[in-house]
Structures are given as structure tokens and as C-alpha cells.
>>> print(open('work33.pdb').read())   # PDB, C-alpha atoms
MODEL        1
ATOM      1  CA  LYS A   1       5.511  10.162 151.102  1.00  0.00           C
ATOM      2  CA  LYS A   2       9.010   8.855 151.782  1.00  0.00           C
ATOM      3  CA  GLU A   3       7.826   5.404 150.854  1.00  0.00           C
ATOM      4  CA  ARG A   4       6.566   6.672 147.466  1.00  0.00           C
ATOM      5  CA  GLU A   5       9.872   8.435 146.806  1.00  0.00           C
ATOM      6  CA  ARG A   6      11.786   5.263 147.563  1.00  0.00           C
ATOM      7  CA  GLU A   7       9.510   3.359 145.176  1.00  0.00           C
ATOM      8  CA  ARG A   8      10.094   5.947 142.440  1.00  0.00           C
ATOM      9  CA  GLU A   9      13.868   5.796 142.971  1.00  0.00           C
ATOM     10  CA  LYS A  10      13.694   2.050 142.796  1.00  0.00           C
ATOM     11  CA  GLU A  11      11.720   2.168 139.552  1.00  0.00           C
ATOM     12  CA  ASN A  12      14.095   4.757 138.067  1.00  0.00           C
ATOM     13  CA  TYR A  13      17.044   2.588 139.027  1.00  0.00           C
ATOM     14  CA  PHE A  14      15.652  -0.459 137.226  1.00  0.00           C
ATOM     15  CA  VAL A  15      14.686   1.630 134.185  1.00  0.00           C
ATOM     16  CA  SER A  16      18.231   3.020 134.050  1.00  0.00           C
ATOM     17  CA  ILE A  17      19.698  -0.493 134.277  1.00  0.00           C
ATOM     18  CA  LYS A  18      17.408  -1.653 131.478  1.00  0.00           C
ATOM     19  CA  ILE A  19      18.410   1.264 129.244  1.00  0.00           C
ATOM     20  CA  ILE A  20      22.115   0.629 129.887  1.00  0.00           C
ATOM     21  CA  ARG A  21      21.748  -3.064 129.060  1.00  0.00           C
ATOM     22  CA  GLU A  22      19.856  -2.290 125.842  1.00  0.00           C
ATOM     23  CA  LYS A  23      22.607   0.134 124.799  1.00  0.00           C
ATOM     24  CA  GLU A  24      25.274  -2.484 125.539  1.00  0.00           C
ATOM     25  CA  LYS A  25      23.382  -5.055 123.462  1.00  0.00           C
ATOM     26  CA  GLU A  26      23.090  -2.601 120.580  1.00  0.00           C
ATOM     27  CA  LYS A  27      26.820  -1.844 120.764  1.00  0.00           C
ATOM     28  CA  GLU A  28      27.572  -5.574 120.741  1.00  0.00           C
ATOM     29  CA  ARG A  29      25.346  -6.088 117.680  1.00  0.00           C
ATOM     30  CA  LYS A  30      27.097  -3.253 115.848  1.00  0.00           C
ATOM     31  CA  ARG A  31      30.521  -4.584 116.830  1.00  0.00           C
ATOM     32  CA  LYS A  32      29.667  -8.060 115.504  1.00  0.00           C
ATOM     33  CA  LYS A  33      28.276  -6.614 112.291  1.00  0.00           C
ATOM     34  CA  LYS A  34      31.418  -4.537 111.776  1.00  0.00           C
ATOM     35  CA  LYS A  35      33.626  -7.565 112.463  1.00  0.00           C
ATOM     36  CA  GLU A  36      31.721  -9.657 109.926  1.00  0.00           C
ATOM     37  CA  LYS A  37      32.142  -6.915 107.316  1.00  0.00           C
ATOM     38  CA  GLU A  38      35.862  -6.619 108.018  1.00  0.00           C
ATOM     39  CA  GLY A  39      36.179 -10.401 107.781  1.00  0.00           C
ATOM     40  CA  LYS A  40      34.607 -10.346 104.318  1.00  0.00           C
ATOM     41  CA  ARG A  41      36.985  -7.593 103.210  1.00  0.00           C
ATOM     42  CA  GLU A  42      40.091  -9.255 104.582  1.00  0.00           C
ATOM     43  CA  ILE A  43      42.771 -10.025 102.003  1.00  0.00           C
ATOM     44  CA  LYS A  44      43.866 -13.584 102.485  1.00  0.00           C
ATOM     45  CA  MET A  45      46.958 -13.221 100.375  1.00  0.00           C
ATOM     46  CA  ASN A  46      50.398 -14.577 101.037  1.00  0.00           C
ATOM     47  CA  ILE A  47      52.525 -11.439 100.668  1.00  0.00           C
ATOM     48  CA  THR A  48      56.217 -12.249 101.043  1.00  0.00           C
ATOM     49  CA  ASP A  49      59.122  -9.908 101.742  1.00  0.00           C
ATOM     50  CA  GLU A  50      60.155 -10.299  98.092  1.00  0.00           C
ATOM     51  CA  THR A  51      56.725  -9.098  96.985  1.00  0.00           C
ATOM     52  CA  THR A  52      56.765  -6.049  99.257  1.00  0.00           C
ATOM     53  CA  SER A  53      60.252  -5.208  98.023  1.00  0.00           C
ATOM     54  CA  GLY A  54      59.003  -5.629  94.456  1.00  0.00           C
ATOM     55  CA  LEU A  55      56.069  -3.283  95.129  1.00  0.00           C
ATOM     56  CA  ARG A  56      58.524  -0.563  96.121  1.00  0.00           C
ATOM     57  CA  LEU A  57      60.382  -1.224  92.869  1.00  0.00           C
ATOM     58  CA  LEU A  58      57.127  -0.896  90.891  1.00  0.00           C
ATOM     59  CA  ALA A  59      56.412   2.389  92.658  1.00  0.00           C
ATOM     60  CA  GLY A  60      59.722   3.739  91.344  1.00  0.00           C
ATOM     61  CA  LEU A  61      59.128   2.867  87.683  1.00  0.00           C
ATOM     62  CA  GLN A  62      58.013   5.467  85.168  1.00  0.00           C
ATOM     63  CA  ASP A  63      54.331   5.254  84.238  1.00  0.00           C
ATOM     64  CA  ARG A  64      54.976   3.923  80.731  1.00  0.00           C
ATOM     65  CA  GLU A  65      57.463   1.342  82.066  1.00  0.00           C
ATOM     66  CA  PHE A  66      54.954   0.219  84.687  1.00  0.00           C
ATOM     67  CA  GLU A  67      52.124  -0.079  82.162  1.00  0.00           C
ATOM     68  CA  ALA A  68      54.278  -2.050  79.703  1.00  0.00           C
ATOM     69  CA  LEU A  69      55.395  -4.396  82.495  1.00  0.00           C
ATOM     70  CA  VAL A  70      51.814  -4.982  83.712  1.00  0.00           C
ATOM     71  CA  ASP A  71      50.569  -5.751  80.190  1.00  0.00           C
ATOM     72  CA  ALA A  72      53.478  -8.081  79.475  1.00  0.00           C
ATOM     73  CA  SER A  73      53.064  -9.884  82.805  1.00  0.00           C
ATOM     74  CA  PHE A  74      49.357 -10.562  82.237  1.00  0.00           C
ATOM     75  CA  ASP A  75      50.029 -11.680  78.653  1.00  0.00           C
ATOM     76  CA  VAL A  76      52.698 -14.144  79.810  1.00  0.00           C
ATOM     77  CA  LEU A  77      50.578 -15.440  82.679  1.00  0.00           C
ATOM     78  CA  LEU A  78      47.606 -16.041  80.373  1.00  0.00           C
ATOM     79  CA  LYS A  79      49.917 -17.563  77.721  1.00  0.00           C
ATOM     80  CA  VAL A  80      49.066 -14.920  75.147  1.00  0.00           C
ATOM     81  CA  LYS A  81      52.784 -14.179  74.729  1.00  0.00           C
ATOM     82  CA  THR A  82      56.100 -15.710  75.786  1.00  0.00           C
ATOM     83  CA  GLU A  83      58.580 -14.157  78.217  1.00  0.00           C
ATOM     84  CA  GLU A  84      60.432 -12.736  75.209  1.00  0.00           C
ATOM     85  CA  CYS A  85      57.968  -9.837  75.334  1.00  0.00           C
ATOM     86  CA  LEU A  86      59.711  -8.720  78.533  1.00  0.00           C
ATOM     87  CA  LYS A  87      62.695  -7.729  76.382  1.00  0.00           C
ATOM     88  CA  GLU A  88      60.739  -5.783  73.784  1.00  0.00           C
ATOM     89  CA  GLY A  89      59.458  -2.225  73.350  1.00  0.00           C
ATOM     90  CA  VAL A  90      59.649   0.054  76.356  1.00  0.00           C
ATOM     91  CA  LEU A  91      60.930  -2.786  78.575  1.00  0.00           C
ATOM     92  CA  ALA A  92      64.033  -3.174  76.393  1.00  0.00           C
ATOM     93  CA  GLU A  93      65.184   0.173  77.812  1.00  0.00           C
ATOM     94  CA  VAL A  94      64.750  -0.909  81.452  1.00  0.00           C
ATOM     95  CA  ASP A  95      67.376  -2.704  83.550  1.00  0.00           C
ATOM     96  CA  PRO A  96      66.721  -6.452  82.919  1.00  0.00           C
ATOM     97  CA  LEU A  97      67.046  -7.188  86.651  1.00  0.00           C
ATOM     98  CA  LYS A  98      64.316  -4.652  87.425  1.00  0.00           C
ATOM     99  CA  VAL A  99      62.109  -6.161  84.740  1.00  0.00           C
ATOM    100  CA  LYS A 100      62.545  -9.662  86.184  1.00  0.00           C
ATOM    101  CA  ARG A 101      61.805  -8.539  89.746  1.00  0.00           C
ATOM    102  CA  GLY A 102      58.851  -6.459  88.621  1.00  0.00           C
ATOM    103  CA  PHE A 103      57.503  -9.340  86.542  1.00  0.00           C
ATOM    104  CA  ALA A 104      57.768 -11.720  89.511  1.00  0.00           C
ATOM    105  CA  THR A 105      56.005  -9.167  91.741  1.00  0.00           C
ATOM    106  CA  VAL A 106      53.103  -8.632  89.345  1.00  0.00           C
ATOM    107  CA  LEU A 107      52.642 -12.380  88.939  1.00  0.00           C
ATOM    108  CA  SER A 108      52.740 -12.890  92.706  1.00  0.00           C
ATOM    109  CA  ILE A 109      50.059 -10.244  93.327  1.00  0.00           C
ATOM    110  CA  VAL A 110      47.809 -11.478  90.511  1.00  0.00           C
ATOM    111  CA  VAL A 111      48.109 -15.153  91.453  1.00  0.00           C
ATOM    112  CA  GLU A 112      47.632 -14.532  95.170  1.00  0.00           C
ATOM    113  CA  GLY A 113      44.718 -12.203  94.443  1.00  0.00           C
ATOM    114  CA  GLY A 114      43.155 -14.801  92.171  1.00  0.00           C
ATOM    115  CA  LYS A 115      43.587 -17.568  94.739  1.00  0.00           C
ATOM    116  CA  ALA A 116      42.038 -15.424  97.480  1.00  0.00           C
ATOM    117  CA  ASN A 117      39.296 -14.134  95.130  1.00  0.00           C
ATOM    118  CA  SER A 118      40.328 -10.613  96.125  1.00  0.00           C
ATOM    119  CA  PRO A 119      38.512  -7.685  94.458  1.00  0.00           C
ATOM    120  CA  ALA A 120      40.463  -4.961  92.694  1.00  0.00           C
ATOM    121  CA  ILE A 121      39.893  -2.444  95.506  1.00  0.00           C
ATOM    122  CA  GLN A 122      41.824  -4.690  97.909  1.00  0.00           C
ATOM    123  CA  ILE A 123      44.708  -5.018  95.459  1.00  0.00           C
ATOM    124  CA  SER A 124      44.723  -1.238  95.077  1.00  0.00           C
ATOM    125  CA  GLY A 125      44.816  -0.845  98.858  1.00  0.00           C
ATOM    126  CA  LEU A 126      47.785  -3.191  99.099  1.00  0.00           C
ATOM    127  CA  MET A 127      49.688  -1.270  96.415  1.00  0.00           C
ATOM    128  CA  GLN A 128      48.857   2.049  98.087  1.00  0.00           C
ATOM    129  CA  GLU A 129      50.588   0.861 101.266  1.00  0.00           C
ATOM    130  CA  TYR A 130      53.855   0.738  99.306  1.00  0.00           C
ATOM    131  CA  LYS A 131      53.490   4.175  97.689  1.00  0.00           C
ATOM    132  CA  VAL A 132      52.369   3.007  94.237  1.00  0.00           C
ATOM    133  CA  SER A 133      50.760   6.071  92.626  1.00  0.00           C
ATOM    134  CA  ALA A 134      47.016   6.383  92.026  1.00  0.00           C
ATOM    135  CA  LYS A 135      47.529   6.387  88.235  1.00  0.00           C
ATOM    136  CA  LYS A 136      49.501   3.144  88.367  1.00  0.00           C
ATOM    137  CA  ARG A 137      47.015   1.538  90.745  1.00  0.00           C
ATOM    138  CA  GLN A 138      44.160   2.430  88.428  1.00  0.00           C
ATOM    139  CA  TYR A 139      45.956   0.989  85.402  1.00  0.00           C
ATOM    140  CA  PHE A 140      46.802  -2.220  87.278  1.00  0.00           C
ATOM    141  CA  THR A 141      43.325  -2.747  88.736  1.00  0.00           C
ATOM    142  CA  GLU A 142      41.603  -2.121  85.389  1.00  0.00           C
ATOM    143  CA  ARG A 143      43.715  -4.862  83.799  1.00  0.00           C
ATOM    144  CA  TYR A 144      43.188  -7.065  86.869  1.00  0.00           C
ATOM    145  CA  GLU A 145      39.396  -6.718  86.616  1.00  0.00           C
ATOM    146  CA  THR A 146      39.441  -7.319  82.860  1.00  0.00           C
ATOM    147  CA  ASP A 147      41.400 -10.583  83.115  1.00  0.00           C
ATOM    148  CA  PHE A 148      40.251 -11.703  86.568  1.00  0.00           C
ATOM    149  CA  LYS A 149      37.933 -14.465  85.319  1.00  0.00           C
ATOM    150  CA  ASP A 150      40.620 -15.802  82.982  1.00  0.00           C
ATOM    151  CA  VAL A 151      43.173 -15.780  85.822  1.00  0.00           C
ATOM    152  CA  ARG A 152      40.786 -17.703  88.107  1.00  0.00           C
ATOM    153  CA  LYS A 153      40.050 -20.173  85.319  1.00  0.00           C
ATOM    154  CA  LEU A 154      43.769 -20.696  84.716  1.00  0.00           C
ATOM    155  CA  LEU A 155      44.428 -21.229  88.441  1.00  0.00           C
ATOM    156  CA  SER A 156      41.623 -23.799  88.642  1.00  0.00           C
ATOM    157  CA  LYS A 157      43.350 -25.831  85.938  1.00  0.00           C
ATOM    158  CA  THR A 158      46.847 -25.504  87.344  1.00  0.00           C
ATOM    159  CA  GLY A 159      48.047 -27.860  90.054  1.00  0.00           C
ATOM    160  CA  PHE A 160      51.300 -28.711  91.768  1.00  0.00           C
ATOM    161  CA  ASN A 161      50.305 -32.138  93.059  1.00  0.00           C
ATOM    162  CA  PHE A 162      52.990 -34.768  93.511  1.00  0.00           C
ATOM    163  CA  PRO A 163      52.188 -38.460  93.030  1.00  0.00           C
ATOM    164  CA  ASN A 164      51.043 -40.277  96.173  1.00  0.00           C
ATOM    165  CA  ILE A 165      53.217 -43.059  97.595  1.00  0.00           C
ATOM    166  CA  VAL A 166      50.879 -46.019  98.138  1.00  0.00           C
ATOM    167  CA  ASP A 167      53.346 -48.837  98.855  1.00  0.00           C
ATOM    168  CA  VAL A 168      57.009 -49.496  99.596  1.00  0.00           C
ATOM    169  CA  ASP A 169      59.129 -52.574  98.934  1.00  0.00           C
ATOM    170  CA  TRP A 170      62.747 -53.039  99.912  1.00  0.00           C
ATOM    171  CA  ARG A 171      65.429 -55.643 100.107  1.00  0.00           C
ATOM    172  CA  MET A 172      68.965 -55.805 101.443  1.00  0.00           C
ATOM    173  CA  ASP A 173      71.844 -57.374  99.530  1.00  0.00           C
ATOM    174  CA  TYR A 174      75.253 -57.893 101.051  1.00  0.00           C
ATOM    175  CA  CYS A 175      77.874 -56.677  98.590  1.00  0.00           C
ATOM    176  CA  VAL A 176      81.089 -58.660  99.048  1.00  0.00           C
ATOM    177  CA  LYS A 177      83.033 -57.370  96.074  1.00  0.00           C
ATOM    178  CA  SER A 178      82.670 -54.746  93.352  1.00  0.00           C
ATOM    179  CA  SER A 179      84.313 -54.716  89.938  1.00  0.00           C
ATOM    180  CA  ALA A 180      84.932 -50.987  90.363  1.00  0.00           C
ATOM    181  CA  VAL A 181      86.451 -50.814  93.853  1.00  0.00           C
ATOM    182  CA  GLY A 182      87.284 -54.431  94.682  1.00  0.00           C
ATOM    183  CA  LYS A 183      86.351 -55.691  98.165  1.00  0.00           C
ATOM    184  CA  VAL A 184      83.337 -53.900  99.690  1.00  0.00           C
ATOM    185  CA  GLY A 185      81.819 -55.994 102.488  1.00  0.00           C
ATOM    186  CA  LYS A 186      78.805 -53.690 103.092  1.00  0.00           C
ATOM    187  CA  PRO A 187      75.023 -54.045 102.800  1.00  0.00           C
ATOM    188  CA  ILE A 188      73.234 -52.364  99.876  1.00  0.00           C
ATOM    189  CA  TYR A 189      69.552 -51.500 100.135  1.00  0.00           C
ATOM    190  CA  PHE A 190      67.197 -51.542  97.140  1.00  0.00           C
ATOM    191  CA  VAL A 191      64.026 -49.491  97.668  1.00  0.00           C
ATOM    192  CA  SER A 192      60.975 -49.454  95.401  1.00  0.00           C
ATOM    193  CA  LEU A 193      58.218 -46.867  95.872  1.00  0.00           C
ATOM    194  CA  GLN A 194      54.865 -47.501  94.212  1.00  0.00           C
ATOM    195  CA  THR A 195      53.121 -44.238  93.330  1.00  0.00           C
ATOM    196  CA  GLU A 196      49.721 -43.221  92.025  1.00  0.00           C
ATOM    197  CA  ASP A 197      48.902 -40.032  90.194  1.00  0.00           C
ATOM    198  CA  THR A 198      45.607 -38.682  88.851  1.00  0.00           C
ATOM    199  CA  PRO A 199      46.051 -36.409  85.828  1.00  0.00           C
ATOM    200  CA  LYS A 200      42.603 -34.868  86.334  1.00  0.00           C
ATOM    201  CA  VAL A 201      43.574 -33.813  89.866  1.00  0.00           C
ATOM    202  CA  ALA A 202      46.698 -32.151  88.512  1.00  0.00           C
ATOM    203  CA  GLU A 203      44.450 -30.222  86.116  1.00  0.00           C
ATOM    204  CA  GLY A 204      42.488 -28.875  89.091  1.00  0.00           C
ATOM    205  CA  ARG A 205      39.368 -31.035  88.712  1.00  0.00           C
ATOM    206  CA  ASN A 206      37.764 -33.365  91.220  1.00  0.00           C
ATOM    207  CA  VAL A 207      37.887 -37.099  90.685  1.00  0.00           C
ATOM    208  CA  ASN A 208      34.674 -39.112  90.631  1.00  0.00           C
ATOM    209  CA  GLN A 209      34.017 -42.833  90.188  1.00  0.00           C
ATOM    210  CA  GLN A 210      34.282 -42.556  86.395  1.00  0.00           C
ATOM    211  CA  ASP A 211      37.772 -41.121  86.708  1.00  0.00           C
ATOM    212  CA  VAL A 212      39.221 -44.037  88.694  1.00  0.00           C
ATOM    213  CA  ALA A 213      40.539 -45.625  85.495  1.00  0.00           C
ATOM    214  CA  SER A 214      42.618 -42.500  84.855  1.00  0.00           C
ATOM    215  CA  VAL A 215      44.806 -43.149  87.919  1.00  0.00           C
ATOM    216  CA  VAL A 216      48.383 -43.744  86.750  1.00  0.00           C
ATOM    217  CA  THR A 217      50.684 -46.032  88.746  1.00  0.00           C
ATOM    218  CA  ASP A 218      54.459 -45.904  88.585  1.00  0.00           C
ATOM    219  CA  GLN A 219      57.550 -47.324  90.287  1.00  0.00           C
ATOM    220  CA  VAL A 220      60.375 -45.212  91.677  1.00  0.00           C
ATOM    221  CA  GLU A 221      63.415 -47.350  92.430  1.00  0.00           C
ATOM    222  CA  PHE A 222      66.789 -46.513  93.922  1.00  0.00           C
ATOM    223  CA  SER A 223      69.645 -48.111  95.816  1.00  0.00           C
ATOM    224  CA  CYS A 224      71.597 -46.746  98.776  1.00  0.00           C
ATOM    225  CA  ASN A 225      74.036 -47.734 101.487  1.00  0.00           C
ATOM    226  CA  ILE A 226      73.118 -47.776 105.181  1.00  0.00           C
ATOM    227  CA  GLU A 227      74.299 -44.196 105.814  1.00  0.00           C
ATOM    228  CA  GLU A 228      72.192 -42.849 102.948  1.00  0.00           C
ATOM    229  CA  LEU A 229      69.182 -44.862 104.112  1.00  0.00           C
ATOM    230  CA  GLN A 230      69.561 -43.562 107.673  1.00  0.00           C
ATOM    231  CA  ASP A 231      69.792 -40.010 106.314  1.00  0.00           C
ATOM    232  CA  LEU A 232      66.583 -40.544 104.302  1.00  0.00           C
ATOM    233  CA  VAL A 233      64.732 -41.957 107.323  1.00  0.00           C
ATOM    234  CA  SER A 234      65.922 -39.039 109.474  1.00  0.00           C
ATOM    235  CA  LYS A 235      64.636 -36.495 106.946  1.00  0.00           C
ATOM    236  CA  LEU A 236      61.289 -38.278 106.696  1.00  0.00           C
ATOM    237  CA  LYS A 237      60.957 -38.170 110.491  1.00  0.00           C
ATOM    238  CA  ASP A 238      61.748 -34.434 110.462  1.00  0.00           C
ATOM    239  CA  ALA A 239      59.110 -33.873 107.781  1.00  0.00           C
ATOM    240  CA  SER A 240      56.570 -35.885 109.765  1.00  0.00           C
ATOM    241  CA  LYS A 241      57.257 -33.848 112.935  1.00  0.00           C
ATOM    242  CA  GLN A 242      56.908 -30.617 110.973  1.00  0.00           C
ATOM    243  CA  MET A 243      53.521 -31.734 109.632  1.00  0.00           C
ATOM    244  CA  GLU A 244      52.358 -32.632 113.143  1.00  0.00           C
ATOM    245  CA  ARG A 245      53.478 -29.226 114.405  1.00  0.00           C
ATOM    246  CA  LEU A 246      51.554 -27.435 111.642  1.00  0.00           C
ATOM    247  CA  GLU A 247      48.443 -29.529 112.279  1.00  0.00           C
ATOM    248  CA  ASN A 248      48.578 -28.736 115.996  1.00  0.00           C
ATOM    249  CA  GLU A 249      49.155 -25.044 115.324  1.00  0.00           C
ATOM    250  CA  TYR A 250      46.685 -24.428 112.513  1.00  0.00           C
ATOM    251  CA  GLY A 251      44.411 -27.462 112.582  1.00  0.00           C
ATOM    252  CA  SER A 252      44.116 -30.118 109.924  1.00  0.00           C
TER     253      SER A 252
ENDMDL
END
>>> encode(input="work33.pdb", output="C-alpha cells")
Amino acid sequence: KKEREREREKENYFVSIKIIREKEKEKERKRKKKKEKEGKREIKMNITDETTSGLRLLAGLQDREFEALVDASFDVLLKVKTEECLKEGVLAEVDPLKVKRGFATVLSIVVEGGKANSPAIQISGLMQEYKVSAKKRQYFTERYETDFKDVRKLLSKTGFNFPNIVDVDWRMDYCVKSSAVGKVGKPIYFVSLQTEDTPKVAEGRNVNQQDVASVVTDQVEFSCNIEELQDLVSKLKDASKQMERLENEYGS
């Protein structure tokens, strides 16, 4: 009898362990699912201190001022109107400094939202954090949803790419005398940077083999003394170290 009781206890123990493990697995599955959902909802926007300060400013505007500013900002961004519209109508009655800061804030939110492909509900959530009223949030998000595709299209065609430096030539001349200052007796360095630029890249499109002919080459030339050259080299080294630090911190 005692033996049977021990066997039952043993069986119950293993059943209990199995149940506990199954519950833990289920919890882990739910946790992962929730994390994946939160990851999809995450706003990957670069919100600066200036933008958060601007959101507080927007929260303090009257409804009609806010709506006029939002409409004008979208119209300027999409090149429907010029920035002169920021001085017209209702906005003509608002402090010009407030209009400029508000305009910059709206553009920042729209551009960052467009870059991150953020839905309107996320933009509304961001604005709610800084006490922007529900009526204003609704007006903003309706305009955001209406023009979202056009904003994304505009961003895809807008680039800020600098030409690539592909080669460097330099020579040193020893300047004995100058007509301007007389005797000099110092070396002068002449530097020539060969650059390449691809207009199609700057327009936000990828380059294929057929686009190779569109690559534009150019020469950037300047002269400097040894102190200026040393200063340039020092700054380039600093920039290189900064890039290495960022690569190590965030990955290439």
C-alpha cells in the first residue's frame, strides 16, 4: 500500500512538473508574440528637443491657428504653395516667430513620419504625449493620411547625397617671394580632389548598368599653407575616428 502511494505521489509530481513547464512555454510564446507586435508598432522617428518644444507650442495655439498652420505646412512641403502662405490669412495675425517654429515642427513630424512609414495613430500618440488636444490631433492626422502617399513619394525623390571623392592629387611649391607681401619663403600646397556624382542617386533612385553614363565627374581644387593642410588632415582624422566609433556602436 505504501509502495502504491509513493508511486502515485511520484506520478503526480511529474504531472505537476509537466503542467508547469507547459504553462511557462505558453507564457513565453505570448511574451514573444507581444514583443513582435510592439516592435511593429514602434515609431522609429528622430524626435529632437526642438520638435518636442515645438509640439508644446502647437498645443498652445488656437484651433483655427493650428489648422491654418497645418494646411500651409503641407502645402509648402508638397510645393503646392510657397512659404509666403505662412504670412497670409489667419497666420498673419500670429506671432511670426511662433509660425516659423510651428512650421518647422510640423515639417519635422511629417518628414520623420514619412521616413519611418509611421501610421497616423502613432503620430497622434506622439502629439498626445505633449498635450495636443484631440480635435487638433484629428485634424492633423486626417491631413497626414490624405497626403501620406505624396509625402512618401516626395521623400523618395529627395536626396542629400554629396559627391564621392574618388582620387586626390597634390603638389608642393616653394614660394620664395610674393608680389603682395614680398619675401615669403614658405611651401604652398595645391590639392585637387576628383569627385563623382550620380544625379539619379540624388533623385532617390537606384543606379543600374544603364545609368553608369550619367555619372558626373568634377575637380575641386584649392591651395593652402602647411598649417591649413595640417588642420585639414587633423579634421579628417577626427571624422574618421567618429565614423569608426559609430560603426562599433551601432554596426555598419
>>> closest_residue(input="work33.pdb", among="A:Asp231, A:Glu65, A:Glu11, A:Asp75", to="Asp95 (chain A)", atoms="all atoms listed in the file")
A:Glu65
>>> atom_distance(input="work33.pdb", atom1="CA of Ile121 (chain A)", atom2="CA of Leu78 (chain A)")
21.8 Å
>>> atom_distance(input="work33.pdb", atom1="CA of Lys157 (chain A)", atom2="CA of Leu69 (chain A)")
24.8 Å
>>> resolve_selection(input="work33.pdb", expression="the PyMOL selection byres ((chain A and resi 67) around 12)", output="PyMOL selection string")
chain A and resi 58-59+61-66+68-74+89-91+99+102-103+106+135-143
>>> write_last_selection(input="work33.pdb", atoms="C-alpha atoms", output="CSV table (one decimal), in the coordinates of the input")
chain,number,residue,atom,x,y,z
A,58,LEU,CA,57.1,-0.9,90.9
A,59,ALA,CA,56.4,2.4,92.7
A,61,LEU,CA,59.1,2.9,87.7
A,62,GLN,CA,58.0,5.5,85.2
A,63,ASP,CA,54.3,5.3,84.2
A,64,ARG,CA,55.0,3.9,80.7
A,65,GLU,CA,57.5,1.3,82.1
A,66,PHE,CA,55.0,0.2,84.7
A,68,ALA,CA,54.3,-2.0,79.7
A,69,LEU,CA,55.4,-4.4,82.5
A,70,VAL,CA,51.8,-5.0,83.7
A,71,ASP,CA,50.6,-5.8,80.2
A,72,ALA,CA,53.5,-8.1,79.5
A,73,SER,CA,53.1,-9.9,82.8
A,74,PHE,CA,49.4,-10.6,82.2
A,89,GLY,CA,59.5,-2.2,73.4
A,90,VAL,CA,59.6,0.1,76.4
A,91,LEU,CA,60.9,-2.8,78.6
A,99,VAL,CA,62.1,-6.2,84.7
A,102,GLY,CA,58.9,-6.5,88.6
A,103,PHE,CA,57.5,-9.3,86.5
A,106,VAL,CA,53.1,-8.6,89.3
A,135,LYS,CA,47.5,6.4,88.2
A,136,LYS,CA,49.5,3.1,88.4
A,137,ARG,CA,47.0,1.5,90.7
A,138,GLN,CA,44.2,2.4,88.4
A,139,TYR,CA,46.0,1.0,85.4
A,140,PHE,CA,46.8,-2.2,87.3
A,141,THR,CA,43.3,-2.7,88.7
A,142,GLU,CA,41.6,-2.1,85.4
A,143,ARG,CA,43.7,-4.9,83.8
>>> atom_distance(input="work33.pdb", atom1="CA of Lys149 (chain A)", atom2="CA of Gly60 (chain A)")
29.0 Å
>>> resolve_selection(input="work33.pdb", expression="the PyMOL selection byres ((chain A and resi 226) around 8)", output="ChimeraX atom specification")
/A:187-189,224-225,227-230
>>> axis_aligned_box(input="work33.pdb", around="region 183-192 of chain A", padding_each_side="3 Å", output="lines of an AutoDock Vina configuration file")
center_x = 73.7
center_y = -52.7
center_z = 99.2
size_x = 31.4
size_y = 12.5
size_z = 13.7
>>> closest_residue(input="work33.pdb", among="A:Glu88, A:Glu7, A:Glu145, A:Glu112", to="Ile47 (chain A)", atoms="only C-alpha atoms")
A:Glu112
>>> closest_residue(input="work33.pdb", among="A:Ile20, A:Ala134, A:Val151, A:Met45", to="Lys79 (chain A)", atoms="all atoms listed in the file")
A:Val151
>>> residues_around(input="work33.pdb", residues="Val191 (chain A)", least_positions_apart="6", cutoff="12 Å", atoms="all atoms listed in the file", output="list in words")
Asp167, Val168, Asp169, Trp170, Arg171, Met172, Asp173, Gln219, Val220, Glu221, Phe222, Ser223, Cys224, Asn225, Ile226, Glu228, Leu229 and Leu232 of chain A
>>> closest_residue(input="work33.pdb", among="A:Asn46, A:Glu24, A:Ser240, A:Ser234", to="Ser118 (chain A)", atoms="all atoms listed in the file")
A:Asn46
